[in-house]
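A quick write-up on the structure given underneath.
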Amino acid sequence: MQHIRDAILADASGDELANIPIPEAFRAAYVKRSETAMFEGVDSWDKDPRKSIHIDEVATPELAPDEVYVAVMASSINFNTVWTSIFEPLPTFGFLNKLGKESVWGKRHDLDYHVIGSDASGVVVRAGSAVRKWKPGDKVNIHCNYVDDQDPTSHDDSMKGANQRIWGFETNFGGLADLTVVKANQLMPKPGHLTWEESAVNALCASTSYRMLVSDNASRMKQGDTVLIWGASGGLGGYATQLVLNGGGVPIGVVSSPEKGELLNQMGCEAVIDRKAEAYEFWSDPHTQDETEWRRFGKRIRSLTNTDPDIVFEHPGRQTMGASIFAVARGGTVVTCAATSGYMIEYDNRHLWMKLKRIVSSHFANYNEAWAMNRLIDSGAIQPIMSAVHDLEDVGTAASSVHHNEHEGKLAVLCLAPEAGLGIDNQEKRERIGEDKITLFQRHARSLTAKAE
């Protein structure tokens with residue numbers, strides 16, 4: 001991989017890259033099948049990704065006709081990285097087993113190790129014989145929707161495909177590595193004004209937020225909509241907040257500290273609720289929710305916007321779903337894509353059916369939605385929310401930070417890129433969009449570190 005990295009840094013042509021041999025092995029972050037029981041009896045919060053994630057060389061898989069090899073310059077940490085690393089809610093090797101039974105090419109994925117990671121930016125270094133629109137030398141972002149285009153269920157909305165998967169979570173050969181193998185229909189052009197690491201953090205969370213809020217497949221946000229956003233400075237919420245502002249809506253950001261509230265204000269979100277400072281306890285005990293707290297929360301929302309939210313952007317799950325369904329306006333929508341606080345949810349169904357509310361599920365994005373979000377980022381309408389950069393060797397620590405909500409925005413990981421700040425091809429565009437806008441999350445994180453010191 002050293003020869004490939006040097007060629008990319010020297011801005012080699014596509015033909016030059018195509019003539020460099022693909023190595024038989026490459027450096028990657030992975031978990032082991034033999035260690036899936038290592039955290040048995042340990043509370044979820046105490047499970048440590050630093051103990052389960054390994055960094056070492058793995059064998060390079062054969063390239064299928066519809067795939068490309070991408071030299072990964074940078075990647076990022078998503079919550080599915082945490083799930084894989086702590087083997088919750090179940091070990092991901094079951095996903096690999098199932099994929100391995102589908103075809104000869106699927107069998108490559110069913111290994112005793114799982115290379116993780118569902119985001120990446122990099123350079124195409126080889127294209128399979130069936131690939132038409134991408135070639136060696138193309139600088140790309142990778143989205144994580146892994147679909148079987150020979151299955152008819154994938155051709156209305158590919159997210160509804162019977163065997164739709166998330167690359168790097170339900171497949172092997174993920175993005176936290178120096179090399180990855182992806183289908184050609186996972187590729188998007190890398191925004192030229194962004195660094196490798198700024199580009200790498202966007203695809204999964206940004207595209208998920210786009211589908212949840214903008215797409216016809218979920219809540220169909222319109223101008224003037226009031227949107228309550230849980231974790232509004234986090235990996236999903238940071239993009240959701242921007243999409244609401246960009247689309248003429250009114251965001252209400254829920255955060256867990258004054259510092260995160262300050263960051264939202266800098267983004268242009270004026271209505272902020274600090275859930276810790278206001279001490280909301282939606283569960284009076286592990287089995288009982290407190291409706292008086294729902295009512296206090298709803299009253300607080302109305303004090304900020306004089307209205308109930310038209311949409312609630314929901315992803316914590318168990319801790320917040322009851323409050324979300326209570327708080328959303330009559331006829332409003334709760335759109336949910338995850339359950340980071342627990343997936344066995346409870347709510348009072350009377351508040352749902354008697355006020356004609358609805359719950360809409362959402363899960364990542366199809367190619368068209370991911371491409372549309374990538375265009376918004378490329379145009380400068382939406383900014384990356386990268387707050388910090390780690391080396392590949394430090395993936396375990398980065399995953400631990402995400403596991404314990406010790407971060408803001410997204411954490412990037414350098415793979416082949418030797419340092420941060422590389423990969424910008426259009427400096428004029430970057431200056432036009434504004435360095436302060438692009439690096440807001442980075443600067444905010446640095447200021448917090450400086451205050452702490």
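Chains: A, B, ... in order of the structure tokens. Residues: from 1 per chain. Ligands: from 1, in order shown.
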
(request) Do a neighbour search on Phe441 in chain A at 8 Å with only C-alpha atoms, toss out local chain neighbours closer than 4 positions, and write the hits as a list in words. (result) Leu263, Ile385, Met386, Ser387, Glu408, Gly409 and Ala445 of chain A

Output C-alpha atoms for every residue in the selection just made, as a PDB file, in the first residue's frame.
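Written output follows (again_30.pdb):
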ATOM      1  CA  LEU A 263     -22.292  25.060  19.203  1.00  0.00           C
ATOM      2  CA  ILE A 385     -19.398  18.057  11.246  1.00  0.00           C
ATOM      3  CA  MET A 386     -15.982  16.588  11.939  1.00  0.00           C
ATOM      4  CA  SER A 387     -14.741  17.478  15.417  1.00  0.00           C
ATOM      5  CA  GLU A 408     -19.438  16.124  19.276  1.00  0.00           C
ATOM      6  CA  GLY A 409     -20.235  15.626  15.625  1.00  0.00           C
ATOM      7  CA  ALA A 445     -13.742  21.062  19.935  1.00  0.00           C
TER       8      ALA A 445
END

(request) as an MDAnalysis selection string, list the residues of range 176-232 of chain A assigned to alpha helix (DSSP H) by DSSP on the backbone atoms of this structure. (result) chainID A and resid 196:200 203:213

How would the residues just picked look written out with C-alpha atoms as an mmCIF file, in the first residue's frame?
data_model
loop_
_atom_site.group_PDB
_atom_site.id
_atom_site.type_symbol
_atom_site.label_atom_id
_atom_site.label_comp_id
_atom_site.auth_asym_id
_atom_site.auth_seq_id
_atom_site.Cartn_x
_atom_site.Cartn_y
_atom_site.Cartn_z
ATOM 1 C CA TRP A 196 -9.904 13.516 2.899
ATOM 2 C CA GLU A 197 -11.036 13.367 6.512
ATOM 3 C CA GLU A 198 -13.721 16.044 6.133
ATOM 4 C CA SER A 199 -15.127 14.085 3.198
ATOM 5 C CA ALA A 200 -14.976 10.746 4.995
ATOM 6 C CA ALA A 203 -21.961 9.755 3.898
ATOM 7 C CA LEU A 204 -23.620 7.537 6.507
ATOM 8 C CA CYS A 205 -24.981 10.117 8.932
ATOM 9 C CA ALA A 206 -25.665 12.883 6.414
ATOM 10 C CA SER A 207 -27.527 10.590 4.014
ATOM 11 C CA THR A 208 -29.518 9.072 6.884
ATOM 12 C CA SER A 209 -30.575 12.540 8.023
ATOM 13 C CA TYR A 210 -31.514 13.496 4.465
ATOM 14 C CA ARG A 211 -33.803 10.496 4.057
ATOM 15 C CA MET A 212 -35.397 11.073 7.465
ATOM 16 C CA LEU A 213 -36.191 14.726 6.877
#

(request) May I ask which of the residues A:Asn202, A:Thr397, A:Ser154, A:Ser284 is the closest one to Gly235 in chain A, counting only C-alpha atoms? (result)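 With only C-alpha atoms as the atom set, the closest residue is A:Asn202.
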
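Of the residues listed (A:Gln319, A:Asn78, A:Asn145, A:Gln427), A:Asn145 shows the shortest atom-to-atom separation from Thr171 in chain A; distances use only C-alpha atoms.
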
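The spacing separating CA of Glu435 in chain A from CA of Val389 in chain A amounts to 17.2 Å.
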
(message) Would you pick out the contacts of His54 in chain A at 7 Å or less, using only C-alpha atoms, so that residues sharing its chain but fewer than 4 positions from it are not included, and give the list as a list in words?
(response) Ala29, Tyr30 and Val31 of chain A

If you count only C-alpha atoms, which residues fall within 12 Å of Tyr367 in chain A, apart from same-chain ones fewer than 4 positions away, as a PDB file with C-alpha atoms, in the first residue's frame?
ATOM      1  CA  ILE A 142     -18.361   5.726  -0.321  1.00  0.00           C
ATOM      2  CA  HIS A 143     -21.895   5.307   0.968  1.00  0.00           C
ATOM      3  CA  CYS A 144     -22.822   2.180   2.870  1.00  0.00           C
ATOM      4  CA  ASN A 145     -25.966   0.893   1.104  1.00  0.00           C
ATOM      5  CA  TYR A 146     -24.997  -2.591  -0.118  1.00  0.00           C
ATOM      6  CA  VAL A 147     -27.736  -3.997  -2.365  1.00  0.00           C
ATOM      7  CA  ASP A 149     -29.454  -5.274  -7.973  1.00  0.00           C
ATOM      8  CA  SER A 154     -34.424  -3.500  -4.636  1.00  0.00           C
ATOM      9  CA  HIS A 155     -35.790  -1.619  -7.641  1.00  0.00           C
ATOM     10  CA  ASP A 156     -38.477   0.624  -6.125  1.00  0.00           C
ATOM     11  CA  ASP A 157     -36.512   1.838  -3.135  1.00  0.00           C
ATOM     12  CA  SER A 158     -33.294  -0.100  -2.633  1.00  0.00           C
ATOM     13  CA  MET A 159     -33.529   0.345   1.131  1.00  0.00           C
ATOM     14  CA  LYS A 183     -19.783  -2.161  -5.296  1.00  0.00           C
ATOM     15  CA  ALA A 184     -19.592   0.499  -7.987  1.00  0.00           C
ATOM     16  CA  ASN A 185     -23.047   1.755  -6.983  1.00  0.00           C
ATOM     17  CA  GLN A 186     -21.662   2.792  -3.596  1.00  0.00           C
ATOM     18  CA  LEU A 187     -19.422   5.482  -5.088  1.00  0.00           C
ATOM     19  CA  MET A 188     -19.991   9.237  -5.170  1.00  0.00           C
ATOM     20  CA  ALA A 203     -21.961   9.755   3.898  1.00  0.00           C
ATOM     21  CA  LEU A 204     -23.620   7.537   6.507  1.00  0.00           C
ATOM     22  CA  SER A 207     -27.527  10.590   4.014  1.00  0.00           C
ATOM     23  CA  THR A 208     -29.518   9.072   6.884  1.00  0.00           C
ATOM     24  CA  TYR A 210     -31.514  13.496   4.465  1.00  0.00           C
ATOM     25  CA  ARG A 211     -33.803  10.496   4.057  1.00  0.00           C
ATOM     26  CA  TRP A 371     -26.149  11.270  -4.032  1.00  0.00           C
ATOM     27  CA  ALA A 372     -28.482  14.231  -3.406  1.00  0.00           C
ATOM     28  CA  MET A 373     -26.995  14.787   0.046  1.00  0.00           C
ATOM     29  CA  ASN A 374     -23.474  14.536  -1.366  1.00  0.00           C
TER      30      ASN A 374
END

(request) Please provide the set of residues having any atom within 9 Å of Asn426 in chain A, restricted to only C-alpha atoms, with same-chain residues fewer than 3 positions apart removed, written as a ChimeraX atom specification. (result) /A:191-194,429-431

(request) Find the spatial neighbours of Gln289 in chain A, counting only C-alpha atoms, within a cut-off of 12 Å - ignore same-chain residues fewer than 5 positions away - and output them as number ranges by chain. (result) A: 280-284, 294-295, 318-323, 326, 345-348

(message) I want to know what sits within 12 Å of Val125 in chain A, based on only C-alpha atoms, with residues of the same chain fewer than 6 positions away left out; could you give that as an NGL selection string?
(response) :A and (1 or 3-5 or 7-8 or 12-23 or 63 or 67-72 or 134-140 or 178-182)

Residues of the last selection are to be written out with N, CA and C atoms, as an mmCIF file, in the first residue's frame.
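What landed in again_22.cif:
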data_model
loop_
_atom_site.group_PDB
_atom_site.id
_atom_site.type_symbol
_atom_site.label_atom_id
_atom_site.label_comp_id
_atom_site.auth_asym_id
_atom_site.auth_seq_id
_atom_site.Cartn_x
_atom_site.Cartn_y
_atom_site.Cartn_z
ATOM 1 N N MET A 1 0.814 -1.214 0.000
ATOM 2 C CA MET A 1 0.000 0.000 0.000
ATOM 3 C C MET A 1 0.849 1.265 0.000
ATOM 4 N N HIS A 3 3.318 2.045 -1.960
ATOM 5 C CA HIS A 3 3.478 2.529 -3.336
ATOM 6 C C HIS A 3 2.214 3.240 -3.810
ATOM 7 N N ILE A 4 1.061 2.684 -3.449
ATOM 8 C CA ILE A 4 -0.202 3.301 -3.843
ATOM 9 C C ILE A 4 -0.369 4.645 -3.149
ATOM 10 N N ARG A 5 -0.073 4.686 -1.851
ATOM 11 C CA ARG A 5 -0.198 5.954 -1.125
ATOM 12 C C ARG A 5 0.725 7.012 -1.712
ATOM 13 N N ALA A 7 1.875 7.252 -4.688
ATOM 14 C CA ALA A 7 1.392 7.669 -6.002
ATOM 15 C C ALA A 7 0.219 8.645 -5.868
ATOM 16 N N ILE A 8 -0.677 8.371 -4.938
ATOM 17 C CA ILE A 8 -1.818 9.267 -4.731
ATOM 18 C C ILE A 8 -1.343 10.624 -4.247
ATOM 19 N N ALA A 12 -0.635 11.015 -9.007
ATOM 20 C CA ALA A 12 -0.405 10.154 -10.164
ATOM 21 C C ALA A 12 -1.674 10.046 -11.006
ATOM 22 N N SER A 13 -1.514 9.753 -12.260
ATOM 23 C CA SER A 13 -2.649 9.590 -13.160
ATOM 24 C C SER A 13 -3.350 8.262 -12.894
ATOM 25 N N GLY A 14 -4.547 8.129 -13.443
ATOM 26 C CA GLY A 14 -5.283 6.881 -13.309
ATOM 27 C C GLY A 14 -4.539 5.706 -13.914
ATOM 28 N N ASP A 15 -3.898 5.932 -15.058
ATOM 29 C CA ASP A 15 -3.134 4.863 -15.703
ATOM 30 C C ASP A 15 -1.969 4.427 -14.836
ATOM 31 N N GLU A 16 -1.323 5.389 -14.184
ATOM 32 C CA GLU A 16 -0.204 5.042 -13.306
ATOM 33 C C GLU A 16 -0.688 4.236 -12.102
ATOM 34 N N LEU A 17 -1.807 4.624 -11.545
ATOM 35 C CA LEU A 17 -2.358 3.882 -10.413
ATOM 36 C C LEU A 17 -2.764 2.472 -10.826
ATOM 37 N N ALA A 18 -3.332 2.363 -12.031
ATOM 38 C CA ALA A 18 -3.786 1.054 -12.512
ATOM 39 C C ALA A 18 -2.633 0.090 -12.731
ATOM 40 N N ASN A 19 -1.436 0.607 -12.898
ATOM 41 C CA ASN A 19 -0.266 -0.248 -13.144
ATOM 42 C C ASN A 19 0.466 -0.651 -11.867
ATOM 43 N N ILE A 20 0.052 -0.123 -10.733
ATOM 44 C CA ILE A 20 0.659 -0.520 -9.456
ATOM 45 C C ILE A 20 -0.035 -1.788 -8.978
ATOM 46 N N PRO A 21 0.693 -2.823 -8.682
ATOM 47 C CA PRO A 21 0.058 -4.077 -8.232
ATOM 48 C C PRO A 21 -0.758 -3.888 -6.952
ATOM 49 N N ILE A 22 -1.885 -4.569 -6.896
ATOM 50 C CA ILE A 22 -2.669 -4.588 -5.669
ATOM 51 C C ILE A 22 -1.991 -5.539 -4.690
ATOM 52 N N PRO A 23 -1.717 -5.110 -3.452
ATOM 53 C CA PRO A 23 -0.992 -5.971 -2.516
ATOM 54 C C PRO A 23 -1.821 -7.179 -2.080
ATOM 55 N N LEU A 63 -11.572 -9.414 -6.520
ATOM 56 C CA LEU A 63 -12.473 -8.361 -6.975
ATOM 57 C C LEU A 63 -13.570 -8.945 -7.857
ATOM 58 N N GLU A 67 -17.407 -4.540 -8.815
ATOM 59 C CA GLU A 67 -16.771 -3.894 -7.669
ATOM 60 C C GLU A 67 -15.533 -3.108 -8.065
ATOM 61 N N VAL A 68 -15.077 -2.296 -7.109
ATOM 62 C CA VAL A 68 -13.814 -1.568 -7.262
ATOM 63 C C VAL A 68 -12.987 -1.744 -5.995
ATOM 64 N N TYR A 69 -11.670 -1.663 -6.163
ATOM 65 C CA TYR A 69 -10.784 -1.470 -5.024
ATOM 66 C C TYR A 69 -10.629 0.035 -4.821
ATOM 67 N N VAL A 70 -10.785 0.481 -3.587
ATOM 68 C CA VAL A 70 -10.555 1.884 -3.252
ATOM 69 C C VAL A 70 -9.437 1.962 -2.216
ATOM 70 N N ALA A 71 -8.408 2.744 -2.515
ATOM 71 C CA ALA A 71 -7.387 3.060 -1.531
ATOM 72 C C ALA A 71 -7.993 4.077 -0.571
ATOM 73 N N VAL A 72 -8.158 3.695 0.683
ATOM 74 C CA VAL A 72 -8.872 4.522 1.653
ATOM 75 C C VAL A 72 -7.908 5.542 2.259
ATOM 76 N N TRP A 134 -16.825 4.374 -13.335
ATOM 77 C CA TRP A 134 -15.728 4.724 -12.447
ATOM 78 C C TRP A 134 -14.451 4.060 -12.935
ATOM 79 N N LYS A 135 -13.339 4.727 -12.694
ATOM 80 C CA LYS A 135 -12.060 4.226 -13.197
ATOM 81 C C LYS A 135 -10.949 4.572 -12.213
ATOM 82 N N PRO A 136 -9.789 3.918 -12.341
ATOM 83 C CA PRO A 136 -8.659 4.256 -11.468
ATOM 84 C C PRO A 136 -8.328 5.743 -11.538
ATOM 85 N N GLY A 137 -8.070 6.306 -10.391
ATOM 86 C CA GLY A 137 -7.761 7.730 -10.300
ATOM 87 C C GLY A 137 -8.933 8.574 -9.832
ATOM 88 N N ASP A 138 -10.159 8.050 -9.906
ATOM 89 C CA ASP A 138 -11.318 8.814 -9.445
ATOM 90 C C ASP A 138 -11.280 8.970 -7.934
ATOM 91 N N LYS A 139 -11.480 10.196 -7.472
ATOM 92 C CA LYS A 139 -11.536 10.485 -6.040
ATOM 93 C C LYS A 139 -12.985 10.393 -5.590
ATOM 94 N N VAL A 140 -13.230 9.581 -4.574
ATOM 95 C CA VAL A 140 -14.610 9.219 -4.262
ATOM 96 C C VAL A 140 -14.907 9.261 -2.765
ATOM 97 N N ASP A 178 -6.778 0.396 4.997
ATOM 98 C CA ASP A 178 -6.045 1.079 3.931
ATOM 99 C C ASP A 178 -6.588 0.769 2.551
ATOM 100 N N LEU A 179 -7.365 -0.306 2.449
ATOM 101 C CA LEU A 179 -7.960 -0.716 1.172
ATOM 102 C C LEU A 179 -9.351 -1.259 1.461
ATOM 103 N N THR A 180 -10.267 -1.041 0.548
ATOM 104 C CA THR A 180 -11.594 -1.623 0.702
ATOM 105 C C THR A 180 -12.116 -2.087 -0.646
ATOM 106 N N VAL A 181 -13.097 -2.976 -0.588
ATOM 107 C CA VAL A 181 -13.766 -3.490 -1.783
ATOM 108 C C VAL A 181 -15.232 -3.104 -1.678
ATOM 109 N N VAL A 182 -15.737 -2.361 -2.654
ATOM 110 C CA VAL A 182 -17.136 -1.924 -2.627
ATOM 111 C C VAL A 182 -17.751 -2.078 -4.005
#

(request) Check the DSSP output for the backbone and give back, as a VMD selection string, the residues of range 158-239 of chain A in strand (DSSP E). (result) chain A and resid 165 to 166 179 to 183 187 to 189 226 to 230

Selected residues, N, CA and C atoms, written as a PDB file, in the first residue's frame, please.
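As a result, again-v3.pdb now contains:
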ATOM      1  N   ARG A 165     -28.149  -4.471   2.833  1.00  0.00           N
ATOM      2  CA  ARG A 165     -27.202  -4.537   3.940  1.00  0.00           C
ATOM      3  C   ARG A 165     -26.461  -3.216   4.089  1.00  0.00           C
ATOM      4  N   ILE A 166     -25.830  -3.063   5.232  1.00  0.00           N
ATOM      5  CA  ILE A 166     -24.952  -1.923   5.484  1.00  0.00           C
ATOM      6  C   ILE A 166     -23.506  -2.411   5.374  1.00  0.00           C
ATOM      7  N   LEU A 179      -7.365  -0.306   2.449  1.00  0.00           N
ATOM      8  CA  LEU A 179      -7.960  -0.716   1.172  1.00  0.00           C
ATOM      9  C   LEU A 179      -9.351  -1.259   1.461  1.00  0.00           C
ATOM     10  N   THR A 180     -10.267  -1.041   0.548  1.00  0.00           N
ATOM     11  CA  THR A 180     -11.594  -1.623   0.702  1.00  0.00           C
ATOM     12  C   THR A 180     -12.116  -2.087  -0.646  1.00  0.00           C
ATOM     13  N   VAL A 181     -13.097  -2.976  -0.588  1.00  0.00           N
ATOM     14  CA  VAL A 181     -13.766  -3.490  -1.783  1.00  0.00           C
ATOM     15  C   VAL A 181     -15.232  -3.104  -1.678  1.00  0.00           C
ATOM     16  N   VAL A 182     -15.737  -2.361  -2.654  1.00  0.00           N
ATOM     17  CA  VAL A 182     -17.136  -1.924  -2.627  1.00  0.00           C
ATOM     18  C   VAL A 182     -17.751  -2.078  -4.005  1.00  0.00           C
ATOM     19  N   LYS A 183     -19.070  -2.139  -4.026  1.00  0.00           N
ATOM     20  CA  LYS A 183     -19.783  -2.161  -5.296  1.00  0.00           C
ATOM     21  C   LYS A 183     -19.694  -0.781  -5.945  1.00  0.00           C
ATOM     22  N   LEU A 187     -20.374   4.380  -4.908  1.00  0.00           N
ATOM     23  CA  LEU A 187     -19.422   5.482  -5.088  1.00  0.00           C
ATOM     24  C   LEU A 187     -20.119   6.801  -5.403  1.00  0.00           C
ATOM     25  N   MET A 188     -19.549   7.876  -4.883  1.00  0.00           N
ATOM     26  CA  MET A 188     -19.991   9.237  -5.170  1.00  0.00           C
ATOM     27  C   MET A 188     -18.749  10.116  -5.322  1.00  0.00           C
ATOM     28  N   PRO A 189     -18.838  11.196  -6.079  1.00  0.00           N
ATOM     29  CA  PRO A 189     -17.654  12.053  -6.245  1.00  0.00           C
ATOM     30  C   PRO A 189     -17.275  12.732  -4.925  1.00  0.00           C
ATOM     31  N   THR A 226     -41.569  23.013  12.139  1.00  0.00           N
ATOM     32  CA  THR A 226     -40.788  23.003  13.368  1.00  0.00           C
ATOM     33  C   THR A 226     -40.336  21.573  13.630  1.00  0.00           C
ATOM     34  N   VAL A 227     -39.031  21.389  13.849  1.00  0.00           N
ATOM     35  CA  VAL A 227     -38.467  20.041  13.968  1.00  0.00           C
ATOM     36  C   VAL A 227     -37.686  19.928  15.275  1.00  0.00           C
ATOM     37  N   LEU A 228     -38.113  19.015  16.132  1.00  0.00           N
ATOM     38  CA  LEU A 228     -37.379  18.714  17.357  1.00  0.00           C
ATOM     39  C   LEU A 228     -36.300  17.682  17.030  1.00  0.00           C
ATOM     40  N   ILE A 229     -35.047  17.986  17.373  1.00  0.00           N
ATOM     41  CA  ILE A 229     -33.923  17.137  17.008  1.00  0.00           C
ATOM     42  C   ILE A 229     -33.216  16.677  18.275  1.00  0.00           C
ATOM     43  N   TRP A 230     -33.319  15.388  18.575  1.00  0.00           N
ATOM     44  CA  TRP A 230     -32.561  14.825  19.683  1.00  0.00           C
ATOM     45  C   TRP A 230     -31.079  14.728  19.296  1.00  0.00           C
TER      46      TRP A 230
END

(request) Counting only C-alpha atoms, figure out which residue out of A:Ala240, A:Ile301, A:Cys337, A:Cys415 gets nearest to Phe79 in chain A. (result) A:Cys337

(request) To one decimal in Å, tell me the separation between CA of Met38 in chain A and CA of Tyr113 in chain A. (result)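 These atoms are spaced 14.7 Å apart.
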
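Rounded to one decimal, CA of Val244 in chain A and CA of His403 in chain A lie 26.5 Å from each other.
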
(message) Taking only C-alpha atoms into account, name the residue in A:Leu176, A:Ile77, A:Leu422, A:Ala277 that is nearest to His407 in chain A.
(response)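 The answer is A:Ile77, which sits nearest to His407 in chain A.
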